[in-house]
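To be precise, the following lines are structure.pdb, and they hold PDB, C-alpha atoms, pLDDT in the B column.
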ATOM      1  CA  MET A 481     -23.855 286.692 -15.611  1.00 48.00           C
ATOM      2  CA  LEU A 482     -21.240 289.224 -16.653  1.00 42.00           C
ATOM      3  CA  LYS A 483     -18.370 286.824 -15.923  1.00 50.00           C
ATOM      4  CA  THR A 484     -20.083 284.136 -17.985  1.00 51.00           C
ATOM      5  CA  GLY A 485     -20.409 286.530 -20.943  1.00 49.00           C
ATOM      6  CA  ILE A 486     -16.749 287.451 -20.701  1.00 50.00           C
ATOM      7  CA  LYS A 487     -15.726 283.777 -20.680  1.00 50.00           C
ATOM      8  CA  ILE A 488     -17.824 283.074 -23.783  1.00 49.00           C
ATOM      9  CA  PHE A 489     -16.285 286.077 -25.544  1.00 43.00           C
ATOM     10  CA  LEU A 490     -12.755 284.948 -24.678  1.00 44.00           C
ATOM     11  CA  ILE A 491     -13.479 281.413 -25.909  1.00 46.00           C
ATOM     12  CA  ILE A 492     -14.802 282.762 -29.236  1.00 48.00           C
ATOM     13  CA  LEU A 493     -11.846 285.155 -29.575  1.00 43.00           C
ATOM     14  CA  SER A 494      -9.358 282.383 -28.859  1.00 51.00           C
ATOM     15  CA  GLY A 495     -10.989 280.140 -31.445  1.00 50.00           C
ATOM     16  CA  PHE A 496     -10.850 282.931 -34.026  1.00 47.00           C
ATOM     17  CA  LEU A 497      -7.165 283.630 -33.358  1.00 45.00           C
ATOM     18  CA  ILE A 498      -6.257 279.948 -33.509  1.00 47.00           C
ATOM     19  CA  GLY A 499      -8.169 279.546 -36.758  1.00 49.00           C
ATOM     20  CA  THR A 500      -6.498 282.619 -38.248  1.00 48.00           C
ATOM     21  CA  ALA A 501      -3.053 281.402 -37.233  1.00 44.00           C
ATOM     22  CA  PHE A 502      -3.778 278.002 -38.767  1.00 41.00           C
ATOM     23  CA  CYS A 503      -4.860 279.592 -42.057  1.00 42.00           C
ATOM     24  CA  VAL A 504      -1.738 281.789 -42.172  1.00 42.00           C
ATOM     25  CA  LYS A 505       0.481 278.816 -41.404  1.00 44.00           C
ATOM     26  CA  ALA A 506      -1.246 276.657 -43.977  1.00 45.00           C
ATOM     27  CA  ALA A 507      -1.128 279.250 -46.768  1.00 59.00           C
ATOM     28  CA  THR A 508       1.307 278.363 -49.547  1.00 60.00           C
ATOM     29  CA  PRO A 509       3.782 281.132 -50.443  1.00 65.00           C
ATOM     30  CA  ALA A 510       3.302 282.566 -53.896  1.00 68.00           C
ATOM     31  CA  SER A 511       5.575 281.762 -56.825  1.00 71.00           C
ATOM     32  CA  PHE A 512       6.949 284.581 -58.974  1.00 74.00           C
ATOM     33  CA  PHE A 513       8.587 284.751 -62.368  1.00 84.00           C
ATOM     34  CA  TYR A 514       9.875 288.320 -62.505  1.00 90.00           C
ATOM     35  CA  LEU A 515      11.589 289.744 -65.613  1.00 93.00           C
ATOM     36  CA  THR A 516      12.764 293.345 -65.705  1.00 94.00           C
ATOM     37  CA  TRP A 517      15.342 295.626 -67.325  1.00 95.00           C
ATOM     38  CA  GLU A 518      17.353 298.765 -66.802  1.00 93.00           C
ATOM     39  CA  SER A 519      19.549 300.901 -69.035  1.00 91.00           C
ATOM     40  CA  ASP A 520      22.549 303.197 -68.944  1.00 87.00           C
ATOM     41  CA  GLY A 521      20.318 305.882 -70.485  1.00 83.00           C
ATOM     42  CA  GLY A 522      21.056 308.480 -67.831  1.00 83.00           C
ATOM     43  CA  ALA A 523      18.842 311.341 -66.648  1.00 84.00           C
ATOM     44  CA  PRO A 524      19.041 314.337 -64.278  1.00 83.00           C
ATOM     45  CA  ILE A 525      18.965 313.533 -60.578  1.00 82.00           C
ATOM     46  CA  ASN A 526      15.467 315.020 -60.164  1.00 82.00           C
ATOM     47  CA  TYR A 527      13.985 312.712 -62.830  1.00 84.00           C
ATOM     48  CA  PHE A 528      11.910 310.037 -61.103  1.00 83.00           C
ATOM     49  CA  GLY A 529      10.797 307.985 -64.114  1.00 85.00           C
ATOM     50  CA  LYS A 530      12.449 304.942 -65.619  1.00 86.00           C
ATOM     51  CA  SER A 531      15.667 305.790 -67.408  1.00 87.00           C
ATOM     52  CA  LEU A 532      14.897 304.960 -71.037  1.00 89.00           C
ATOM     53  CA  VAL A 533      17.426 304.047 -73.679  1.00 86.00           C
ATOM     54  CA  ALA A 534      18.442 305.444 -77.052  1.00 84.00           C
ATOM     55  CA  GLY A 535      20.330 303.803 -79.886  1.00 80.00           C
ATOM     56  CA  GLY A 536      23.847 302.830 -78.837  1.00 80.00           C
ATOM     57  CA  GLY A 537      22.828 302.413 -75.201  1.00 85.00           C
ATOM     58  CA  VAL A 538      23.260 299.298 -73.081  1.00 90.00           C
ATOM     59  CA  ILE A 539      20.430 297.214 -71.607  1.00 93.00           C
ATOM     60  CA  LYS A 540      20.686 294.921 -68.599  1.00 95.00           C
ATOM     61  CA  ALA A 541      17.897 292.325 -68.348  1.00 96.00           C
ATOM     62  CA  LEU A 542      17.327 290.354 -65.163  1.00 95.00           C
ATOM     63  CA  VAL A 543      15.104 287.373 -64.408  1.00 95.00           C
ATOM     64  CA  GLN A 544      14.186 286.306 -60.879  1.00 91.00           C
ATOM     65  CA  PRO A 545      12.270 283.028 -60.757  1.00 88.00           C
ATOM     66  CA  LEU A 546      10.939 282.220 -57.272  1.00 86.00           C
ATOM     67  CA  ILE A 547       9.178 278.869 -57.527  1.00 84.00           C
ATOM     68  CA  TYR A 548       7.778 277.418 -54.316  1.00 79.00           C
ATOM     69  CA  SER A 549       7.367 273.655 -54.034  1.00 78.00           C
ATOM     70  CA  SER A 550       7.316 271.022 -51.255  1.00 75.00           C
ATOM     71  CA  GLY A 551       7.762 273.491 -48.421  1.00 78.00           C
ATOM     72  CA  SER A 552      10.555 275.677 -49.840  1.00 81.00           C
ATOM     73  CA  TYR A 553      11.688 277.732 -52.814  1.00 80.00           C
ATOM     74  CA  LEU A 554      13.546 275.725 -55.434  1.00 85.00           C
ATOM     75  CA  ASP A 555      17.215 276.334 -56.200  1.00 88.00           C
ATOM     76  CA  SER A 556      17.095 278.466 -59.353  1.00 91.00           C
ATOM     77  CA  SER A 557      20.887 278.357 -59.789  1.00 92.00           C
ATOM     78  CA  GLN A 558      20.607 274.791 -61.136  1.00 91.00           C
ATOM     79  CA  TRP A 559      18.297 275.688 -64.022  1.00 94.00           C
ATOM     80  CA  ASP A 560      19.179 276.434 -67.642  1.00 96.00           C
ATOM     81  CA  TYR A 561      18.388 279.873 -69.087  1.00 96.00           C
ATOM     82  CA  LYS A 562      17.988 280.732 -72.765  1.00 97.00           C
ATOM     83  CA  TRP A 563      17.816 284.395 -73.720  1.00 97.00           C
ATOM     84  CA  TYR A 564      16.269 285.613 -76.971  1.00 97.00           C
ATOM     85  CA  LEU A 565      16.498 289.063 -78.541  1.00 95.00           C
ATOM     86  CA  ASN A 566      13.798 289.744 -81.143  1.00 93.00           C
ATOM     87  CA  ASP A 567      13.199 285.971 -81.407  1.00 92.00           C
ATOM     88  CA  GLU A 568      16.875 285.182 -82.037  1.00 94.00           C
ATOM     89  CA  LEU A 569      18.869 283.199 -79.485  1.00 96.00           C
ATOM     90  CA  LEU A 570      21.290 285.614 -77.830  1.00 95.00           C
ATOM     91  CA  THR A 571      22.952 283.438 -75.190  1.00 96.00           C
ATOM     92  CA  GLN A 572      22.272 280.527 -72.849  1.00 96.00           C
ATOM     93  CA  GLY A 573      23.712 278.825 -69.796  1.00 96.00           C
ATOM     94  CA  LYS A 574      23.116 277.492 -66.297  1.00 96.00           C
ATOM     95  CA  ASN A 575      22.251 280.136 -63.696  1.00 95.00           C
ATOM     96  CA  LEU A 576      22.428 282.837 -66.391  1.00 96.00           C
ATOM     97  CA  LYS A 577      19.963 285.255 -64.798  1.00 96.00           C
ATOM     98  CA  ILE A 578      21.482 288.513 -66.071  1.00 96.00           C
ATOM     99  CA  ILE A 579      22.416 289.557 -69.600  1.00 96.00           C
ATOM    100  CA  ARG A 580      23.644 292.797 -71.153  1.00 95.00           C
ATOM    101  CA  PHE A 581      23.522 293.919 -74.754  1.00 93.00           C
ATOM    102  CA  ARG A 582      24.010 297.101 -76.762  1.00 89.00           C
ATOM    103  CA  LEU A 583      21.334 298.617 -79.018  1.00 85.00           C
ATOM    104  CA  ASN A 584      23.266 298.915 -82.258  1.00 80.00           C
ATOM    105  CA  ASP A 585      20.402 299.071 -84.772  1.00 72.00           C
ATOM    106  CA  SER A 586      19.166 302.670 -85.047  1.00 67.00           C
ATOM    107  CA  ASN A 587      16.197 301.610 -87.205  1.00 75.00           C
ATOM    108  CA  VAL A 588      14.570 299.447 -84.502  1.00 82.00           C
ATOM    109  CA  SER A 589      11.860 301.137 -82.399  1.00 87.00           C
ATOM    110  CA  ASN A 590      11.776 298.458 -79.702  1.00 90.00           C
ATOM    111  CA  TYR A 591      13.461 295.248 -78.636  1.00 92.00           C
ATOM    112  CA  VAL A 592      11.694 292.129 -77.387  1.00 95.00           C
ATOM    113  CA  VAL A 593      13.637 290.223 -74.746  1.00 96.00           C
ATOM    114  CA  LYS A 594      12.517 286.708 -73.852  1.00 96.00           C
ATOM    115  CA  VAL A 595      13.932 284.247 -71.363  1.00 96.00           C
ATOM    116  CA  LYS A 596      13.118 280.531 -71.369  1.00 95.00           C
ATOM    117  CA  VAL A 597      13.911 278.606 -68.193  1.00 94.00           C
ATOM    118  CA  THR A 598      14.298 274.837 -68.139  1.00 94.00           C
ATOM    119  CA  PHE A 599      13.855 273.379 -64.656  1.00 90.00           C
ATOM    120  CA  SER A 600      15.596 270.330 -63.214  1.00 88.00           C
ATOM    121  CA  ASN A 601      12.588 268.156 -64.171  1.00 88.00           C
ATOM    122  CA  GLN A 602      12.910 269.422 -67.802  1.00 90.00           C
ATOM    123  CA  LEU A 603       9.691 271.419 -67.621  1.00 88.00           C
ATOM    124  CA  THR A 604       9.993 274.945 -69.035  1.00 90.00           C
ATOM    125  CA  GLN A 605       8.581 278.379 -68.427  1.00 90.00           C
ATOM    126  CA  GLU A 606       9.167 281.573 -70.366  1.00 92.00           C
ATOM    127  CA  LYS A 607       8.457 285.276 -70.157  1.00 93.00           C
ATOM    128  CA  GLU A 608       9.132 288.292 -72.349  1.00 94.00           C
ATOM    129  CA  ILE A 609       9.199 292.079 -72.161  1.00 95.00           C
ATOM    130  CA  THR A 610       9.259 294.824 -74.778  1.00 95.00           C
ATOM    131  CA  ILE A 611      11.863 297.572 -74.372  1.00 93.00           C
ATOM    132  CA  PRO A 612      11.138 300.825 -76.236  1.00 92.00           C
ATOM    133  CA  VAL A 613      13.974 302.653 -77.976  1.00 90.00           C
ATOM    134  CA  ILE A 614      13.675 306.432 -78.066  1.00 89.00           C
ATOM    135  CA  ALA A 615      15.681 309.373 -79.314  1.00 89.00           C
ATOM    136  CA  PRO A 616      17.803 311.163 -76.700  1.00 90.00           C
ATOM    137  CA  LYS A 617      16.439 314.488 -75.503  1.00 92.00           C
ATOM    138  CA  VAL A 618      17.686 317.801 -74.232  1.00 93.00           C
ATOM    139  CA  VAL A 619      15.421 320.075 -72.179  1.00 91.00           C
ATOM    140  CA  ILE A 620      15.984 323.804 -71.633  1.00 91.00           C
ATOM    141  CA  ARG A 621      15.179 325.054 -68.149  1.00 88.00           C
ATOM    142  CA  PRO A 622      15.542 328.472 -66.517  1.00 88.00           C
ATOM    143  CA  VAL A 623      18.078 328.395 -63.695  1.00 87.00           C
ATOM    144  CA  ALA A 624      15.998 330.764 -61.524  1.00 74.00           C
ATOM    145  CA  SER A 625      12.785 329.252 -60.191  1.00 62.00           C
ATOM    146  CA  ALA A 626      11.059 332.647 -60.473  1.00 58.00           C
ATOM    147  CA  SER A 627      10.910 332.276 -64.257  1.00 62.00           C
ATOM    148  CA  LEU A 628       7.910 330.401 -65.622  1.00 66.00           C
ATOM    149  CA  LEU A 629       8.142 327.789 -68.383  1.00 70.00           C
ATOM    150  CA  LYS A 630       4.971 326.680 -70.147  1.00 73.00           C
ATOM    151  CA  GLU A 631       4.558 325.160 -73.614  1.00 74.00           C
ATOM    152  CA  SER A 632       8.128 326.093 -74.624  1.00 82.00           C
ATOM    153  CA  ILE A 633       7.609 329.746 -73.642  1.00 84.00           C
ATOM    154  CA  ILE A 634       9.571 331.242 -70.739  1.00 85.00           C
ATOM    155  CA  GLN A 635       7.984 334.226 -69.018  1.00 82.00           C
ATOM    156  CA  ALA A 636      10.891 336.159 -67.502  1.00 80.00           C
ATOM    157  CA  GLY A 637      11.165 339.220 -65.329  1.00 77.00           C
ATOM    158  CA  GLY A 638      14.182 341.481 -64.965  1.00 77.00           C
ATOM    159  CA  SER A 639      16.707 342.312 -67.640  1.00 82.00           C
ATOM    160  CA  GLU A 640      18.376 338.903 -68.075  1.00 85.00           C
ATOM    161  CA  ILE A 641      17.790 335.200 -67.645  1.00 88.00           C
ATOM    162  CA  LYS A 642      20.098 332.210 -67.276  1.00 90.00           C
ATOM    163  CA  LEU A 643      19.269 328.922 -69.025  1.00 92.00           C
ATOM    164  CA  GLN A 644      20.558 325.394 -68.588  1.00 91.00           C
ATOM    165  CA  ALA A 645      20.206 322.381 -70.911  1.00 92.00           C
ATOM    166  CA  MET A 646      19.470 319.015 -69.279  1.00 90.00           C
ATOM    167  CA  PRO A 647      20.389 315.842 -71.260  1.00 91.00           C
ATOM    168  CA  TYR A 648      18.176 312.755 -71.096  1.00 91.00           C
ATOM    169  CA  PHE A 649      18.904 309.167 -72.184  1.00 89.00           C
ATOM    170  CA  PHE A 650      22.245 309.696 -73.918  1.00 84.00           C
ATOM    171  CA  GLY A 651      23.556 306.543 -72.286  1.00 75.00           C
ATOM    172  CA  ASN A 652      27.277 305.989 -71.887  1.00 67.00           C
ATOM    173  CA  HIS A 653      27.914 309.038 -74.096  1.00 63.00           C
ATOM    174  CA  ASN A 654      27.379 311.418 -71.169  1.00 63.00           C
ATOM    175  CA  GLU A 655      31.094 312.111 -70.747  1.00 70.00           C
ATOM    176  CA  ASN A 656      31.436 313.115 -74.422  1.00 80.00           C
ATOM    177  CA  LEU A 657      28.481 315.457 -74.701  1.00 87.00           C
ATOM    178  CA  LYS A 658      28.911 318.791 -76.459  1.00 89.00           C
ATOM    179  CA  LEU A 659      26.415 321.634 -75.986  1.00 91.00           C
ATOM    180  CA  THR A 660      25.918 324.476 -78.465  1.00 93.00           C
ATOM    181  CA  TRP A 661      23.575 327.407 -77.776  1.00 94.00           C
ATOM    182  CA  TYR A 662      21.807 329.535 -80.409  1.00 95.00           C
ATOM    183  CA  LEU A 663      20.063 332.863 -79.839  1.00 92.00           C
ATOM    184  CA  ASN A 664      17.798 333.958 -82.709  1.00 91.00           C
ATOM    185  CA  ASP A 665      19.669 331.436 -84.892  1.00 89.00           C
ATOM    186  CA  ASP A 666      23.072 332.956 -84.023  1.00 90.00           C
ATOM    187  CA  ARG A 667      25.557 330.612 -82.411  1.00 91.00           C
ATOM    188  CA  GLN A 668      26.541 331.938 -79.013  1.00 89.00           C
ATOM    189  CA  LYS A 669      30.189 332.444 -78.180  1.00 80.00           C
ATOM    190  CA  SER A 670      31.916 331.622 -74.920  1.00 71.00           C
ATOM    191  CA  ASP A 671      31.356 335.112 -73.477  1.00 69.00           C
ATOM    192  CA  ALA A 672      27.609 334.362 -73.204  1.00 76.00           C
ATOM    193  CA  VAL A 673      28.055 330.809 -71.872  1.00 84.00           C
ATOM    194  CA  GLU A 674      29.627 329.818 -68.558  1.00 84.00           C
ATOM    195  CA  ASN A 675      29.775 326.181 -67.402  1.00 85.00           C
ATOM    196  CA  GLY A 676      27.140 325.318 -69.990  1.00 88.00           C
ATOM    197  CA  ILE A 677      24.714 328.019 -68.775  1.00 92.00           C
ATOM    198  CA  LEU A 678      23.548 330.614 -71.299  1.00 92.00           C
ATOM    199  CA  THR A 679      22.807 334.176 -70.192  1.00 90.00           C
ATOM    200  CA  VAL A 680      20.255 336.040 -72.326  1.00 89.00           C
ATOM    201  CA  LYS A 681      20.035 339.788 -71.774  1.00 87.00           C
ATOM    202  CA  LYS A 682      17.065 341.899 -72.748  1.00 84.00           C
ATOM    203  CA  GLY A 683      17.866 344.438 -75.456  1.00 80.00           C
ATOM    204  CA  ALA A 684      16.314 347.817 -76.108  1.00 72.00           C
ATOM    205  CA  SER A 685      14.704 346.855 -79.402  1.00 74.00           C
ATOM    206  CA  SER A 686      13.013 343.551 -78.503  1.00 78.00           C
ATOM    207  CA  SER A 687      11.589 341.593 -75.594  1.00 80.00           C
ATOM    208  CA  LEU A 688      11.123 338.292 -77.481  1.00 86.00           C
ATOM    209  CA  TYR A 689      14.002 335.897 -78.108  1.00 89.00           C
ATOM    210  CA  ASN A 690      14.239 332.417 -79.608  1.00 93.00           C
ATOM    211  CA  VAL A 691      16.737 330.091 -77.971  1.00 94.00           C
ATOM    212  CA  SER A 692      17.795 326.617 -79.032  1.00 94.00           C
ATOM    213  CA  ALA A 693      20.205 324.109 -77.517  1.00 95.00           C
ATOM    214  CA  LEU A 694      21.953 321.459 -79.610  1.00 94.00           C
ATOM    215  CA  MET A 695      23.375 318.479 -77.724  1.00 92.00           C
ATOM    216  CA  THR A 696      25.755 316.263 -79.693  1.00 89.00           C
ATOM    217  CA  VAL A 697      28.190 313.461 -78.940  1.00 84.00           C
ATOM    218  CA  GLU A 698      31.805 313.642 -80.014  1.00 81.00           C
ATOM    219  CA  GLY A 699      32.545 310.715 -82.286  1.00 75.00           C
ATOM    220  CA  ALA A 700      28.849 309.799 -82.741  1.00 73.00           C
ATOM    221  CA  ALA A 701      27.391 312.263 -85.214  1.00 71.00           C
ATOM    222  CA  LEU A 702      23.960 310.609 -85.377  1.00 74.00           C
ATOM    223  CA  THR A 703      23.392 310.850 -81.613  1.00 81.00           C
ATOM    224  CA  ARG A 704      21.995 314.329 -81.038  1.00 87.00           C
ATOM    225  CA  ALA A 705      19.041 316.261 -79.652  1.00 92.00           C
ATOM    226  CA  VAL A 706      17.659 319.782 -80.065  1.00 94.00           C
ATOM    227  CA  SER A 707      15.385 321.816 -77.803  1.00 93.00           C
ATOM    228  CA  GLU A 708      13.839 325.231 -78.515  1.00 94.00           C
ATOM    229  CA  VAL A 709      12.140 327.829 -76.317  1.00 91.00           C
ATOM    230  CA  GLN A 710      10.946 331.397 -76.630  1.00 90.00           C
ATOM    231  CA  ILE A 711      11.753 334.009 -73.970  1.00 89.00           C
ATOM    232  CA  ASN A 712       9.304 336.808 -73.190  1.00 87.00           C
ATOM    233  CA  PHE A 713      10.747 339.472 -70.885  1.00 83.00           C
ATOM    234  CA  ASN A 714       7.538 341.522 -70.640  1.00 71.00           C
ATOM    235  CA  SER A 715       5.238 339.096 -68.802  1.00 52.00           C
ATOM    236  CA  LEU A 716       6.405 339.522 -65.224  1.00 48.00           C
TER     237      LEU A 716
END
Once you've parsed the file, please lay out its structure as structure tokens.
Amino acid sequence: MLKTGIKIFLIILSGFLIGTAFCVKAATPASFFYLTWESDGGAPINYFGKSLVAGGGVIKALVQPLIYSSGSYLDSSQWDYKWYLNDELLTQGKNLKIIRFRLNDSNVSNYVVKVKVTFSNQLTQEKEITIPVIAPKVVIRPVASASLLKESIIQAGGSEIKLQAMPYFFGNHNENLKLTWYLNDDRQKSDAVENGILTVKKGASSSLYNVSALMTVEGAALTRAVSEVQINFNSL
């Protein structure tokens, strides 16, 4: 009786596995029409978000059409691609899956990129994405992890603190960045700054200090960012 039950179970299991294999084999692979972008915006190595772009930056847009038909994916290199930027034709050509362009208009808050693909049978498909344009940023951080930063206030212990300024999204201007530090509105000289790091020392008359960092680009006066923090030496 036990052997008979085992045989029935094996027969059912075999039928299930054969049926599952048939369904997997018979399933049609999905088709994708993937459009994405990346920028030269630049960000610190510990930034895990998408690198955004400011005015003057460069965008690379990429389309990857994977169309499955008649047992295989079609050859997308034979199709014609038309690229539009804010509804104006930017460029076109066969197998033109990647384009690059610079954001030259500082008054535009976003760019709409659209690609229209014409297949070998003259049918078409299109897709678009919106790319936000932001202002570059600079963020002040304490070098020592023991200092606490919350809502632009740094709670510091000891008699001094070292600060660094991290640039975000300046694009290909990163090699021409210029950093200027201010302490209580006074521009700091080189004796207080070493390798871009500002040292603020606690004085006898005050424990509160206002610090600002101005990041500019040589040769591009309109590309700049400012960050401000307050240091409190009495909280730790």
Using only C-alpha atoms: which of A:Asp555, A:Glu608, A:Gly573, A:Gly536 has the shortest distance to Asn587 (chain A) |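 Ranking A:Asp555, A:Glu608, A:Gly573, A:Gly536 by distance to Asn587 (chain A), first place goes to A:Gly536.
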Could you tell me how far CA of Leu515 (chain A) lies from CA of Ser600 (chain A), in Å and to one decimal?
->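 Rounded to one decimal, the two atoms are 20.0 Å apart.
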Rank A:Glu631, A:Glu640, A:Glu606, A:Glu698 by their smallest atom-to-atom distance to Glu655 (chain A), using only C-alpha atoms, and report the top residue only.
->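 Using only C-alpha atoms, Glu655 (chain A) sits closest to A:Glu698.
Those residues returned by the PyMOL selection byres ((chain A and resi 688-690) around 6) for this file are A:Leu663, A:Asn664, A:Ser686, A:Ser687, A:Val691, A:Gln710, A:Ile711, A:Asn712.
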Identify all residues satisfying the PyMOL selection byres ((chain A and resi 539) around 12) in the given file; provide them as an MDAnalysis selection string.
-> chainID A and resid 516:522 531:538 540:542 565 578:584 590:593 610:613 651:652
Would you work out the distance separating CA of Asp665 (chain A) from CA of Gln644 (chain A), expressed in Å to one decimal?
->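 So the two atoms, CA of Asp665 (chain A) and CA of Gln644 (chain A), lie 17.4 Å apart.
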Coordinates of box centre and edge lengths for region 653-667 of chain A, 4 Å on every side, axis-aligned, as AutoDock Vina command-line options:
--center_x 24.6 --center_y 321.5 --center_z -77.8 --size_x 21.6 --size_y 32.9 --size_z 22.1
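If you look at CA of Gln602 (chain A) and CA of Gly551 (chain A), they are 20.5 Å away from each other.
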For Ser557 (chain A), the closest of A:Val597, A:Ala705, A:Ile620, A:Ile677 counting only C-alpha atoms is A:Val597
Find the residues near Val618 (chain A): any atom within 10 Å, counting all atoms listed in the file, skip ones fewer than 4 places away on the same chain, and give them as a ChimeraX atom specification.
-> /A:644-650,659,693-696,704-708
